[in-house]
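Here's data-v8.tsv, which has TSV, C-alpha atoms:
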```tsv
chain	number	residue	atom	x	y	z
V	15	MET	CA	12.22	80.14	50.75
V	16	LYS	CA	15.80	79.43	49.70
V	17	ILE	CA	18.50	78.78	52.28
V	18	SER	CA	21.51	81.06	52.56
V	19	GLN	CA	24.33	81.00	55.07
V	20	TYR	CA	23.99	84.74	55.66
V	21	ASP	CA	20.27	84.57	56.51
V	22	PHE	CA	20.86	81.50	58.69
V	23	ASN	CA	23.57	83.30	60.66
V	24	GLN	CA	21.49	86.45	61.01
V	25	SER	CA	18.48	84.50	62.29
V	26	LEU	CA	20.47	82.74	65.01
V	27	ASN	CA	22.35	85.87	66.07
V	28	LYS	CA	19.19	87.98	66.18
V	29	ASN	CA	16.82	85.57	67.91
V	30	LEU	CA	19.01	83.55	70.30
V	31	LEU	CA	21.57	84.22	72.98
V	32	PHE	CA	24.49	81.86	73.57
V	33	GLU	CA	27.20	81.64	76.18
V	34	ASN	CA	30.70	82.92	75.40
V	35	LYS	CA	32.44	80.63	72.89
V	36	PRO	CA	29.67	78.02	73.04
V	37	LYS	CA	29.99	74.37	72.12
V	38	VAL	CA	26.82	73.06	70.51
V	39	ALA	CA	25.67	69.68	69.23
V	40	VAL	CA	23.84	68.83	66.01
V	41	ALA	CA	21.80	65.63	65.74
V	42	THR	CA	22.89	64.02	62.48
V	43	SER	CA	20.98	61.16	60.88
V	44	GLY	CA	22.88	61.46	57.62
V	45	GLY	CA	19.76	62.48	55.69
V	46	PRO	CA	19.65	65.67	53.59
V	47	ASP	CA	18.07	67.74	56.37
V	48	SER	CA	20.61	67.01	59.09
V	49	MET	CA	23.57	67.14	56.72
V	50	ALA	CA	22.56	70.60	55.53
V	51	LEU	CA	22.14	71.69	59.14
V	52	VAL	CA	25.58	70.38	60.15
V	53	PHE	CA	27.32	72.46	57.51
V	54	LEU	CA	25.20	75.55	58.23
V	55	VAL	CA	25.83	75.38	61.99
V	56	ASN	CA	29.51	74.57	61.50
V	57	LYS	CA	30.06	77.75	59.48
V	58	TRP	CA	27.92	79.88	61.79
V	59	ILE	CA	29.58	78.68	65.02
V	60	LYS	CA	33.00	79.75	63.76
V	61	THR	CA	31.76	83.34	63.35
V	62	ILE	CA	31.12	83.52	67.12
V	63	LYS	CA	34.33	81.64	68.02
V	64	GLY	CA	32.46	78.58	69.27
V	65	SER	CA	32.65	74.89	68.36
V	66	MET	CA	30.31	72.14	67.29
V	67	VAL	CA	30.03	68.37	67.49
V	68	SER	CA	27.90	66.31	65.15
V	69	LEU	CA	26.16	63.44	66.95
V	70	ILE	CA	25.39	60.44	64.76
V	71	VAL	CA	23.08	57.90	66.40
V	72	ASP	CA	23.39	54.31	65.19
V	73	HIS	CA	19.82	53.22	66.03
V	74	GLN	CA	20.39	49.59	64.89
V	75	VAL	CA	16.80	49.25	63.69
V	76	ARG	CA	17.88	48.57	60.11
V	77	SER	CA	20.78	46.32	59.14
V	78	GLU	CA	22.38	49.21	57.21
V	79	SER	CA	22.40	51.62	60.16
V	80	SER	CA	25.97	50.93	61.32
V	81	TYR	CA	27.35	51.21	57.79
V	82	GLU	CA	25.49	54.49	57.22
V	83	ALA	CA	26.67	55.92	60.56
V	84	ASN	CA	30.29	55.07	59.75
V	85	THR	CA	29.98	56.48	56.22
V	86	VAL	CA	28.62	59.79	57.54
V	87	HIS	CA	31.28	59.83	60.28
V	88	LYS	CA	34.11	59.44	57.74
V	89	TYR	CA	32.62	62.08	55.45
V	90	LEU	CA	32.34	64.66	58.22
V	91	LEU	CA	35.87	63.96	59.47
V	92	LYS	CA	37.12	64.42	55.92
V	93	ASN	CA	35.47	67.85	55.98
V	94	GLU	CA	37.15	68.64	59.32
V	95	ILE	CA	33.91	68.51	61.29
V	96	GLU	CA	34.04	67.05	64.80
V	97	CYS	CA	31.65	64.12	65.09
V	98	LYS	CA	30.83	61.14	67.27
V	99	ILE	CA	28.79	57.99	66.79
V	100	LEU	CA	26.37	57.13	69.61
V	101	LYS	CA	25.35	53.48	69.42
V	102	VAL	CA	22.03	52.30	70.83
V	103	ASN	CA	22.33	49.13	72.91
V	104	LYS	CA	20.73	46.15	71.20
V	105	ASN	CA	18.68	45.40	74.31
V	106	LYS	CA	16.92	48.72	73.70
V	107	VAL	CA	15.85	47.60	70.21
V	108	ASN	CA	12.81	45.35	70.56
V	109	LYS	CA	9.96	46.60	68.39
V	110	LYS	CA	12.22	47.93	65.62
V	111	ASN	CA	9.76	50.65	64.66
V	112	MET	CA	10.08	54.38	64.02
V	113	ASN	CA	8.73	55.41	67.41
V	114	GLU	CA	11.19	53.22	69.32
V	115	ALA	CA	14.08	54.39	67.15
V	116	ARG	CA	13.06	58.03	67.70
V	117	ASN	CA	12.90	57.61	71.49
V	118	ASN	CA	16.22	55.76	71.66
V	119	ARG	CA	17.86	58.38	69.49
V	120	PHE	CA	16.50	61.26	71.55
V	121	ASN	CA	17.60	59.65	74.82
V	122	LYS	CA	21.10	59.10	73.46
V	123	LEU	CA	21.38	62.72	72.35
V	124	ILE	CA	20.05	64.13	75.62
V	125	THR	CA	22.32	61.92	77.74
V	126	TYR	CA	25.43	62.82	75.74
V	127	CYS	CA	24.75	66.57	75.93
V	128	LYS	CA	24.02	66.36	79.65
V	129	ASN	CA	27.19	64.38	80.38
V	130	LYS	CA	29.33	66.79	78.34
V	131	GLY	CA	27.75	69.91	79.77
V	132	LEU	CA	26.37	71.06	76.40
V	133	LEU	CA	23.52	73.54	76.60
V	134	ASN	CA	22.26	73.57	73.00
V	135	LEU	CA	21.21	70.78	70.65
V	136	PHE	CA	20.21	71.50	67.04
V	137	LEU	CA	17.64	69.32	65.28
V	138	ALA	CA	16.94	69.41	61.53
V	139	HIS	CA	13.13	69.20	61.42
V	140	HIS	CA	11.73	71.30	58.58
V	141	LEU	CA	8.37	72.64	57.38
V	142	ASP	CA	7.29	69.40	55.69
V	143	ASP	CA	7.96	67.52	58.95
V	144	ASN	CA	5.75	69.99	60.78
V	145	LEU	CA	2.92	69.68	58.26
V	146	GLU	CA	3.03	65.91	58.70
V	147	THR	CA	2.94	66.33	62.47
V	148	PHE	CA	0.06	68.81	62.21
V	149	LEU	CA	-2.00	66.47	60.03
V	150	LEU	CA	-1.29	63.43	62.22
V	151	ARG	CA	-2.35	65.35	65.33
V	152	LYS	CA	-5.42	66.76	63.60
V	153	ILE	CA	-6.52	63.25	62.64
V	154	SER	CA	-6.01	62.05	66.22
V	155	GLY	CA	-8.13	64.92	67.61
V	156	SER	CA	-5.37	66.99	69.22
V	157	ASN	CA	-6.15	70.29	70.98
V	158	PHE	CA	-4.94	73.70	69.72
V	159	GLU	CA	-1.68	73.50	71.65
V	160	GLY	CA	-0.88	70.14	70.06
V	161	LEU	CA	-1.84	71.39	66.60
V	162	ARG	CA	0.89	74.02	66.82
V	163	SER	CA	3.17	71.00	66.37
V	164	MET	CA	6.95	71.34	66.68
V	165	GLN	CA	8.38	74.62	67.95
V	166	ASN	CA	11.61	76.37	67.03
V	167	ILE	CA	12.81	76.19	70.63
V	168	ILE	CA	11.94	73.83	73.47
V	169	TYR	CA	13.70	72.79	76.67
V	170	ALA	CA	14.32	69.25	77.89
V	171	LYS	CA	16.30	68.45	81.05
V	172	ASN	CA	18.04	71.87	81.05
V	173	LEU	CA	18.97	71.44	77.39
V	174	ARG	CA	17.79	73.96	74.79
V	175	ILE	CA	16.64	72.22	71.63
V	176	ILE	CA	16.75	74.42	68.53
V	177	ARG	CA	15.06	73.73	65.20
V	178	PRO	CA	16.25	76.50	62.85
V	179	LEU	CA	14.93	74.89	59.64
V	180	LEU	CA	11.21	74.80	60.50
V	181	ASN	CA	10.39	77.52	57.96
V	182	PHE	CA	12.11	75.73	55.08
V	183	GLU	CA	10.61	73.08	52.81
V	184	LYS	CA	12.39	69.83	52.10
V	185	LYS	CA	12.92	70.75	48.45
V	186	HIS	CA	14.88	73.86	49.43
V	187	ILE	CA	17.09	71.83	51.76
V	188	ILE	CA	17.88	69.39	48.97
V	189	GLU	CA	18.59	72.31	46.63
V	190	TYR	CA	21.05	73.66	49.20
V	191	ASN	CA	22.81	70.30	49.47
V	192	LYS	CA	23.15	70.03	45.72
V	193	LYS	CA	24.43	73.58	45.44
V	194	LYS	CA	27.06	72.95	48.13
V	195	ASN	CA	27.82	69.36	47.03
V	196	ILE	CA	26.91	67.99	50.45
V	197	PHE	CA	26.70	64.23	50.69
V	198	PHE	CA	23.66	62.58	52.32
V	199	VAL	CA	22.04	59.17	52.66
V	200	ASN	CA	18.42	58.18	52.06
V	201	ASP	CA	16.49	56.22	54.68
V	202	PRO	CA	14.05	53.85	52.88
V	203	SER	CA	11.85	53.62	55.99
V	204	ASN	CA	10.80	57.25	55.41
V	205	TYR	CA	8.37	55.99	52.76
V	206	ASN	CA	7.48	52.63	54.28
V	207	PRO	CA	3.65	52.37	54.09
V	208	LYS	CA	3.40	50.49	57.38
V	209	TYR	CA	4.08	53.74	59.26
V	210	SER	CA	1.39	56.42	59.65
V	211	ARG	CA	3.87	59.27	59.10
V	212	SER	CA	5.06	57.65	55.88
V	213	ILE	CA	1.47	57.38	54.62
V	214	ILE	CA	0.95	61.08	55.35
V	215	ARG	CA	4.27	61.93	53.68
V	216	ASN	CA	3.29	60.03	50.54
V	217	PHE	CA	-0.13	61.70	50.53
V	218	LEU	CA	1.31	65.22	50.80
V	219	SER	CA	3.96	64.60	48.15
V	220	LYS	CA	1.36	63.44	45.63
V	221	ASN	CA	-1.38	65.98	46.41
V	222	LYS	CA	0.04	69.48	46.07
V	223	SER	CA	-3.32	71.26	46.37
V	224	HIS	CA	-4.12	69.41	49.59
V	225	LYS	CA	-0.67	70.26	50.92
V	226	LYS	CA	-1.26	73.97	50.25
V	227	GLN	CA	-4.57	73.87	52.13
V	228	ILE	CA	-3.03	71.99	55.06
V	229	LYS	CA	-0.22	74.54	55.15
V	230	ARG	CA	-2.78	77.39	55.28
V	231	ASP	CA	-4.64	75.65	58.11
V	232	PHE	CA	-1.40	75.14	60.01
V	233	GLU	CA	-0.35	78.77	59.61
V	234	GLU	CA	-3.76	79.95	60.85
V	235	ILE	CA	-3.42	77.83	64.00
V	236	LYS	CA	0.01	79.35	64.70
V	237	TYR	CA	-1.30	82.86	64.04
V	238	PHE	CA	-4.44	82.72	66.19
V	239	PHE	CA	-2.91	80.63	68.99
V	240	PRO	CA	0.65	81.97	69.46
V	241	PHE	CA	1.08	80.62	72.98
```

For the structure just supplied, provide its representation as structure tokens.
Amino acid sequence: MKISQYDFNQSLNKNLLFENKPKVAVATSGGPDSMALVFLVNKWIKTIKGSMVSLIVDHQVRSESSYEANTVHKYLLKNEIECKILKVNKNKVNKKNMNEARNNRFNKLITYCKNKGLLNLFLAHHLDDNLETFLLRKISGSNFEGLRSMQNIIYAKNLRIIRPLLNFEKKHIIEYNKKKNIFFVNDPSNYNPKYSRSIIRNFLSKNKSHKKQIKRDFEEIKYFFPF
């Protein structure tokens, strides 16, 4: 499914209600997924006379993280997009693994939105992310509720978290970025074999027939257990 600004706008306007002239936040790692989402949300929010802030979390797990955060920050400012870098305290970085970085990042985003009175936070998870989550949970013996994986909308501490790209594959997001000439950075840890998610990601990228079957299984779970 290809991404278009029109369809993106229509989906948000049809399926979600927002306050008058809302201000929303978009979690921005600098990768292709979040960069595509920033530009999509930025154009959509203007059609309803709202505003948006891009939140870039410097997780400090990798030595390049500060440089990448600043590079993304400068790029977004150049494109007249409001953005802010949220820096994780070094005393919060002990294990330097993906799970710790994810938790620190999420806590930073939630705290910022809560302090600023923002009601909506957009995350850029996509279909491939959800298939990875589904397979990881299936391997670990998750129940049906867990196998439904990430949802389009959840609530955390009175904050609505929206994932509008869950129906799109990674390849279509990259196609959109190339079409719109949107800059993005690549995180090498995404394919680091010491992480379970990275192993799954490598497996799915190299085994297209298995990926199709896993996708069918995932869609059946969502269809038969729509709770």

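Residue nearest Ser210 in chain V within the list V:Pro178, V:Ile153, V:Leu173, V:Phe197: V:Ile153 [criterion: smallest interatomic distance, all atoms listed in the file].
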
Open item on the list: List the spatial neighbours of range 154-160 of chain V as a PyMOL selection string - criterion: any atom at most 9 Å away, only C-alpha atoms, same-chain residues fewer than 5 positions off excluded.
Closed with: chain V and resi 148-149+235+239+241

Write out as CSV the residues of range 81-157 of chain V that have any atom within 12 Å of an atom of range 47-56 of chain V, one row each with the nearest atom pair and its distance in Å to one decimal, counting only C-alpha atoms, sorted by chain and then rising number.
```
residue,atom,partner,partner_atom,distance
V:Val86,CA,V:Met49,CA,9.0
V:His87,CA,V:Met49,CA,11.2
V:Tyr89,CA,V:Met49,CA,10.4
V:Leu90,CA,V:Val52,CA,9.1
V:Asn93,CA,V:Phe53,CA,9.5
V:Glu94,CA,V:Asn56,CA,9.9
V:Ile95,CA,V:Asn56,CA,7.5
V:Glu96,CA,V:Asn56,CA,9.4
V:Cys97,CA,V:Val52,CA,10.0
V:Asn134,CA,V:Val55,CA,11.7
V:Leu135,CA,V:Val55,CA,10.8
V:Phe136,CA,V:Leu51,CA,8.1
V:Leu137,CA,V:Ser48,CA,7.2
V:Ala138,CA,V:Ser48,CA,5.0
V:His139,CA,V:Asp47,CA,7.2
V:His140,CA,V:Asp47,CA,7.6
V:Leu141,CA,V:Asp47,CA,10.9
V:Asp142,CA,V:Asp47,CA,10.9
V:Asp143,CA,V:Asp47,CA,10.4
```

Open item on the list: Quick check, in Å to one decimal: how far apart do CA of Pro46 in chain V and CA of Asp21 in chain V lie?
Closed with: 19.1 Å

TODO: Using all atoms listed in the file, find the one residue out of V:Val199, V:Ala83, V:Glu78, V:Asp72 that sits nearest to Lys101 in chain V.
DONE: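 Of V:Val199, V:Ala83, V:Glu78, V:Asp72, the one nearest Lys101 in chain V, counting all atoms listed in the file, is V:Asp72.
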
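Residues in contact with Met66 in chain V at 6 Å, where all atoms listed in the file are counted and same-chain residues fewer than 6 positions away are skipped, are listed as Lys37, Val38 and Ala39 of chain V.
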
- [ ] Step by step: start from the point (12.9, 77.3, 60.2) in the file's coordinates, keep every protein, DNA or RNA residue that has an atom no farther than 10 Å from it, count all atoms listed in the file, and write the set as number ranges by chain.
- [x] V: 15, 17, 22, 25, 138-141, 165-166, 176-183

- [ ] Point out the residue among V:Lys104, V:Lys208, V:Lys98, V:Lys88 with the least atom-to-atom distance to Cys127 in chain V, counting only C-alpha atoms.
- [x]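 Between V:Lys104, V:Lys208, V:Lys98, V:Lys88, the residue approaching Cys127 in chain V most closely is V:Lys98.
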
- [ ] Compare V:Arg215, V:Lys194, V:His224, V:Lys184 by their minimum atom-to-atom distance to Leu150 in chain V, counting all atoms listed in the file, and give me the closest one.
- [x]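 Smallest separation from Leu150 in chain V among the options: V:Arg215.
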
Axis-aligned box over every listed atom of range 177-193 of chain V, padded by 8 Å per side: centre and edges in Å to one decimal, as AutoDock Vina command-line options?
```
--center_x 17.4 --center_y 73.5 --center_z 55.3 --size_x 30.0 --size_y 24.1 --size_z 35.8
```
